[in-house]
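Enquirer: Quick one: structure below, then a few questions.
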Amino acid sequence: MAITRGQLLKELVPGLNAIFGTEYSRYEDEAAVLFDQESSNRAFEEEVLFPGFGEARVKFEGQGVDYAQTGEGWVARYTNETVALAFAITEEAMEDNLYDKLSTRLTKALARSMAAAKQTKGATVYNDGFATSNGGDGQPLVSAVHPLQDGGTGSNRPVTYADLSETSLETGLIDIAGLTDDKSLPIALQARTLHIPRQLVFVAERLMASPYRPGTADNDINAVKSTGMIPGGYYVNHRFTDEDGWFLRTDCPNGMKMFQRTPIATSMEGDFETGNVRYKSRERYVYGFSDWRGVYGNRGA
């Protein structure tokens, strides 16, 4: 349905002082720090796990060598989604120059809506990370039972969920340092950034900025800060829905990913039958993850 003069009636009346509702400041691209971005030229992208081999074994004198087995593991698929929004202005509204008066605001409103959808889709991967089984291994992003190719399981969460604190943060860093590959070989992973909802910003600042242990009268150093184990600091995401949940992004390759199939583009055209003018904005992308080791999650107590 097209926007009519009746919906923009005040624009036709002299004495209008201001139009408000689309001039609010926006948060920056908060989803950008949650994912590594790559380009895509297909309807979908796939990434497959190749686990390699386990530890080599001792060959005793006179005995034959052991032959290791390997092969492809599970597959992560990213299916690009099209996100679009459009509006139309009636021929009569165009004749009365209503679009000329509102063009800047309508364009901003369209861009704002497209950006909001993108930010929400990025945050949703994390918001659903504790419950929705959308990983290639059949598990949620954050799970204590990620199946490994050698028959064991891996975990990217604590044994018991806990609110963000010095203890729980240090536990997360220790757990990350103990992660293994799919053949149970130790791997050198480190946390890179901490990601929190807005409700935890003051807790994170005390934990990350103070040179001394927060919340104690001791003169001990803040070990997290002095060791530099979270070099990228912390980021607030205003679309995280769990006020107690928090995440550590690691330097694991091929972890959290965003594929951009088609960048945002706008177009307009006139409709011969109605005389309306239509405006459309369109973008195609997908957010997801391949290797669950890219994130350590804690949903809070």
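Ordering of the structure tokens sets the chain letters (A, B, ...), residue numbers begin anew at 1 in every chain, and ligands are numbered from 1 in the order given.
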Using 10 Å as the limit and counting only C-alpha atoms, can you tabulate each residue of segment 102-221 of chain A that touches segment 277-286 of chain A, with its shortest atom-to-atom distance in Å and the two atoms involved, as a Markdown table?

Expert:
```
| residue | atom | partner | partner_atom | distance |
| --- | --- | --- | --- | --- |
| A:Leu106 | CA | A:Tyr279 | CA | 9.8 |
| A:Thr107 | CA | A:Tyr279 | CA | 9.2 |
| A:Leu110 | CA | A:Ser281 | CA | 7.3 |
| A:Ala111 | CA | A:Ser281 | CA | 7.9 |
| A:Ser113 | CA | A:Ser281 | CA | 9.8 |
| A:Met114 | CA | A:Ser281 | CA | 7.7 |
| A:Lys118 | CA | A:Tyr285 | CA | 8.8 |
| A:Lys121 | CA | A:Val286 | CA | 8.3 |
| A:Gly122 | CA | A:Val286 | CA | 8.4 |
```

Enquirer: Please, could you write that set of residues out with C-alpha atoms as a PDB file, in the first residue's frame?

Expert:
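Heads up, here's the output in again-v6.pdb:
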```
ATOM      1  CA  LEU A 106      12.223   8.582   4.436  1.00  0.00           C
ATOM      2  CA  THR A 107      15.674   7.577   3.216  1.00  0.00           C
ATOM      3  CA  LEU A 110      14.678   2.994   5.315  1.00  0.00           C
ATOM      4  CA  ALA A 111      18.390   2.761   6.116  1.00  0.00           C
ATOM      5  CA  SER A 113      15.244  -0.345   9.332  1.00  0.00           C
ATOM      6  CA  MET A 114      17.715  -2.253   7.159  1.00  0.00           C
ATOM      7  CA  LYS A 118      21.146  -6.795  10.281  1.00  0.00           C
ATOM      8  CA  LYS A 121      20.194 -11.196  12.910  1.00  0.00           C
ATOM      9  CA  GLY A 122      23.802 -11.060  14.098  1.00  0.00           C
TER      10      GLY A 122
END
```

Enquirer: Leaving out Leu173 of chain A and any residue of its chain fewer than 4 positions from it, which residues lie within 10 Å of it when counting only C-alpha atoms, given as a list in words?

Expert: Ser168, Leu169, Ala177, Gly178, Leu189, Gln190, Ala191, Val224, Met229, Ile230, Leu248, Thr250 and Tyr296 of chain A

Enquirer: Take the residues from that selection and write them out as an mmCIF file, in the first residue's frame, keeping N, CA and C atoms.

Expert:
```
data_model
loop_
_atom_site.group_PDB
_atom_site.id
_atom_site.type_symbol
_atom_site.label_atom_id
_atom_site.label_comp_id
_atom_site.auth_asym_id
_atom_site.auth_seq_id
_atom_site.Cartn_x
_atom_site.Cartn_y
_atom_site.Cartn_z
ATOM 1 N N SER A 168 34.407 -16.307 37.558
ATOM 2 C CA SER A 168 33.833 -16.936 36.368
ATOM 3 C C SER A 168 34.597 -16.551 35.109
ATOM 4 N N LEU A 169 35.103 -15.316 35.055
ATOM 5 C CA LEU A 169 35.881 -14.894 33.902
ATOM 6 C C LEU A 169 37.199 -15.668 33.832
ATOM 7 N N ALA A 177 41.928 -22.304 27.419
ATOM 8 C CA ALA A 177 43.305 -22.781 27.282
ATOM 9 C C ALA A 177 43.387 -24.302 27.275
ATOM 10 N N GLY A 178 42.335 -24.972 27.759
ATOM 11 C CA GLY A 178 42.340 -26.422 27.799
ATOM 12 C C GLY A 178 41.614 -27.095 26.649
ATOM 13 N N LEU A 189 44.567 -21.829 22.005
ATOM 14 C CA LEU A 189 43.548 -20.811 21.792
ATOM 15 C C LEU A 189 43.606 -19.789 22.913
ATOM 16 N N GLN A 190 43.242 -18.554 22.579
ATOM 17 C CA GLN A 190 43.198 -17.489 23.567
ATOM 18 C C GLN A 190 41.955 -16.648 23.338
ATOM 19 N N ALA A 191 41.377 -16.180 24.421
ATOM 20 C CA ALA A 191 40.258 -15.252 24.299
ATOM 21 C C ALA A 191 40.737 -13.965 23.647
ATOM 22 N N VAL A 224 43.726 -10.697 35.204
ATOM 23 C CA VAL A 224 43.195 -10.659 33.840
ATOM 24 C C VAL A 224 43.788 -9.493 33.067
ATOM 25 N N MET A 229 45.141 -11.260 28.823
ATOM 26 C CA MET A 229 44.522 -12.450 28.245
ATOM 27 C C MET A 229 43.244 -12.149 27.470
ATOM 28 N N ILE A 230 42.744 -10.919 27.564
ATOM 29 C CA ILE A 230 41.617 -10.503 26.708
ATOM 30 C C ILE A 230 42.065 -9.215 26.025
ATOM 31 N N LEU A 248 32.944 -15.019 25.401
ATOM 32 C CA LEU A 248 34.329 -14.717 25.054
ATOM 33 C C LEU A 248 34.572 -15.208 23.630
ATOM 34 N N THR A 250 37.170 -16.169 20.795
ATOM 35 C CA THR A 250 38.549 -16.631 20.789
ATOM 36 C C THR A 250 39.200 -16.336 19.438
ATOM 37 N N TYR A 296 33.270 -18.970 23.680
ATOM 38 C CA TYR A 296 33.012 -19.600 24.982
ATOM 39 C C TYR A 296 31.847 -18.828 25.583
#
```

Enquirer: Could you pull out all residues of segment 27-178 of chain A with a DSSP call of helix (DSSP H, G or I) and give them as a ChimeraX atom specification?

Expert: /A:30-34,91-95,98-127,166-177

Enquirer: List the neighbours of Glu38 of chain A out to 12 Å using only C-alpha atoms; skip same-chain residues closer than 3 positions along the sequence, and give me the result as a PyMOL selection string.

Expert: chain A and resi 32+35+41+45+78+254+256-263+285-288

Enquirer: In Å, with one decimal, what is the gap from atom CA of Gly294 of chain A to atom CA of Thr79 of chain A?

Expert: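 It comes out at 19.7 Å.
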
Enquirer: Just the residues within 10 Å of Thr160 of chain A, please, counting only C-alpha atoms, with nothing from its chain fewer than 3 positions along; format it as a short mmCIF file (atom, residue, chain, number, x, y, z; two decimals) with N, CA and C atoms, in the first residue's frame.

Expert:
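Done, and the output landed in around_10.cif:
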```
data_model
loop_
_atom_site.label_atom_id
_atom_site.label_comp_id
_atom_site.auth_asym_id
_atom_site.auth_seq_id
_atom_site.Cartn_x
_atom_site.Cartn_y
_atom_site.Cartn_z
N ARG A 157 31.66 -24.17 27.47
CA ARG A 157 30.88 -23.56 28.53
C ARG A 157 31.41 -24.09 29.87
N SER A 168 34.41 -16.31 37.56
CA SER A 168 33.83 -16.94 36.37
C SER A 168 34.60 -16.55 35.11
N ASN A 298 28.63 -18.27 28.59
CA ASN A 298 28.14 -18.46 29.95
C ASN A 298 26.83 -17.70 30.09
N ARG A 299 25.75 -18.39 30.40
CA ARG A 299 24.45 -17.73 30.43
C ARG A 299 24.12 -17.13 31.79
N GLY A 300 25.05 -17.17 32.72
CA GLY A 300 24.80 -16.58 34.04
C GLY A 300 24.06 -17.53 34.95
N ALA A 301 24.02 -17.17 36.22
CA ALA A 301 23.37 -18.04 37.21
C ALA A 301 21.87 -18.03 37.05
#
```

Enquirer: What are the closest atom pairs, with distances in Å to one decimal, for all residues of segment 139-177 of chain A lying within 12 Å of segment 124-128 of chain A? Consider only C-alpha atoms, order rows by chain and residue number, and present the result as CSV.

Expert:
```
residue,atom,partner,partner_atom,distance
A:Gln139,CA,A:Asp128,CA,11.4
A:Pro140,CA,A:Asp128,CA,7.8
A:Leu141,CA,A:Tyr126,CA,7.8
A:Val142,CA,A:Tyr126,CA,8.9
A:Ser143,CA,A:Asp128,CA,11.7
```

Enquirer: Identify all residues of segment 89-291 of chain A in strand (DSSP E or B) (DSSP on the backbone) and supply them as a ChimeraX atom specification.

Expert: /A:89,146-147,153-154,180,186,191-196,212,221,234-236,246-250,256-270,277-289

Enquirer: Compare A:Leu200, A:Met1, A:Ile174, A:Val65 by their minimum atom-to-atom distance to Ala188 of chain A, counting only C-alpha atoms, and give me the closest one.

Expert: A:Ile174

Enquirer: Excluding same-chain residues fewer than 5 positions from segment 25-30 of chain A, what lies within 10 Å of it counting only C-alpha atoms, as number ranges by chain?

Expert: A: 35, 112, 115-116, 118-120, 122-123, 235-239

Enquirer: With N, CA and C atoms retained, export the selected residues as a PDB file, in the first residue's frame.

Expert:
```
ATOM      1  N   PHE A  35      31.584 -11.286  14.514  1.00  0.00           N
ATOM      2  CA  PHE A  35      31.842 -12.225  13.431  1.00  0.00           C
ATOM      3  C   PHE A  35      33.023 -11.753  12.580  1.00  0.00           C
ATOM      4  N   ARG A 112      17.678   2.968   8.414  1.00  0.00           N
ATOM      5  CA  ARG A 112      17.620   2.584   9.828  1.00  0.00           C
ATOM      6  C   ARG A 112      16.989   1.207   9.989  1.00  0.00           C
ATOM      7  N   ALA A 115      19.435  -1.524   8.727  1.00  0.00           N
ATOM      8  CA  ALA A 115      20.535  -1.729   9.672  1.00  0.00           C
ATOM      9  C   ALA A 115      20.059  -2.458  10.914  1.00  0.00           C
ATOM     10  N   ALA A 116      18.859  -2.134  11.378  1.00  0.00           N
ATOM     11  CA  ALA A 116      18.321  -2.780  12.572  1.00  0.00           C
ATOM     12  C   ALA A 116      18.140  -4.277  12.345  1.00  0.00           C
ATOM     13  N   LYS A 118      19.826  -6.160  10.348  1.00  0.00           N
ATOM     14  CA  LYS A 118      21.146  -6.795  10.281  1.00  0.00           C
ATOM     15  C   LYS A 118      21.715  -7.003  11.674  1.00  0.00           C
ATOM     16  N   GLN A 119      21.587  -5.995  12.530  1.00  0.00           N
ATOM     17  CA  GLN A 119      22.100  -6.111  13.880  1.00  0.00           C
ATOM     18  C   GLN A 119      21.364  -7.198  14.664  1.00  0.00           C
ATOM     19  N   THR A 120      20.054  -7.283  14.469  1.00  0.00           N
ATOM     20  CA  THR A 120      19.263  -8.290  15.166  1.00  0.00           C
ATOM     21  C   THR A 120      19.632  -9.692  14.715  1.00  0.00           C
ATOM     22  N   GLY A 122      22.499 -10.706  13.545  1.00  0.00           N
ATOM     23  CA  GLY A 122      23.802 -11.060  14.098  1.00  0.00           C
ATOM     24  C   GLY A 122      23.712 -11.453  15.559  1.00  0.00           C
ATOM     25  N   ALA A 123      22.980 -10.682  16.351  1.00  0.00           N
ATOM     26  CA  ALA A 123      22.847 -10.971  17.775  1.00  0.00           C
ATOM     27  C   ALA A 123      22.068 -12.254  18.019  1.00  0.00           C
ATOM     28  N   TYR A 235      32.970  -5.549  24.630  1.00  0.00           N
ATOM     29  CA  TYR A 235      32.016  -4.852  23.770  1.00  0.00           C
ATOM     30  C   TYR A 235      30.605  -5.092  24.293  1.00  0.00           C
ATOM     31  N   VAL A 236      29.812  -4.044  24.255  1.00  0.00           N
ATOM     32  CA  VAL A 236      28.408  -4.135  24.658  1.00  0.00           C
ATOM     33  C   VAL A 236      27.552  -4.339  23.415  1.00  0.00           C
ATOM     34  N   ASN A 237      26.631  -5.301  23.486  1.00  0.00           N
ATOM     35  CA  ASN A 237      25.670  -5.483  22.405  1.00  0.00           C
ATOM     36  C   ASN A 237      24.273  -5.231  22.956  1.00  0.00           C
ATOM     37  N   HIS A 238      23.602  -4.249  22.416  1.00  0.00           N
ATOM     38  CA  HIS A 238      22.304  -3.833  22.936  1.00  0.00           C
ATOM     39  C   HIS A 238      21.159  -4.715  22.443  1.00  0.00           C
ATOM     40  N   ARG A 239      21.474  -5.743  21.671  1.00  0.00           N
ATOM     41  CA  ARG A 239      20.443  -6.685  21.225  1.00  0.00           C
ATOM     42  C   ARG A 239      20.601  -8.060  21.858  1.00  0.00           C
TER      43      ARG A 239
END
```

Enquirer: Can you measure atom CA of Glu243 of chain A to atom CA of Asn134 of chain A for me? One decimal in Å is fine.

Expert: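 Calculated distance between atom CA of Glu243 of chain A and atom CA of Asn134 of chain A is 22.3 Å.
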
Enquirer: With a distance cut-off of 10 Å and only C-alpha atoms, select the neighbouring residues of His146 of chain A, excluding the residue or stretch itself and same-chain residues fewer than 3 positions from it, and output the selection as a VMD selection string.

Expert: chain A and resid 135 137 to 143 149 152 to 156 182 292 to 293

Enquirer: Can you work out which one of A:Thr104, A:Ala117, A:Glu55, A:Pro214 has the shortest atom-to-atom distance to Val83 of chain A, counting only C-alpha atoms?

Expert: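 Smallest separation from Val83 of chain A among the options: A:Ala117.
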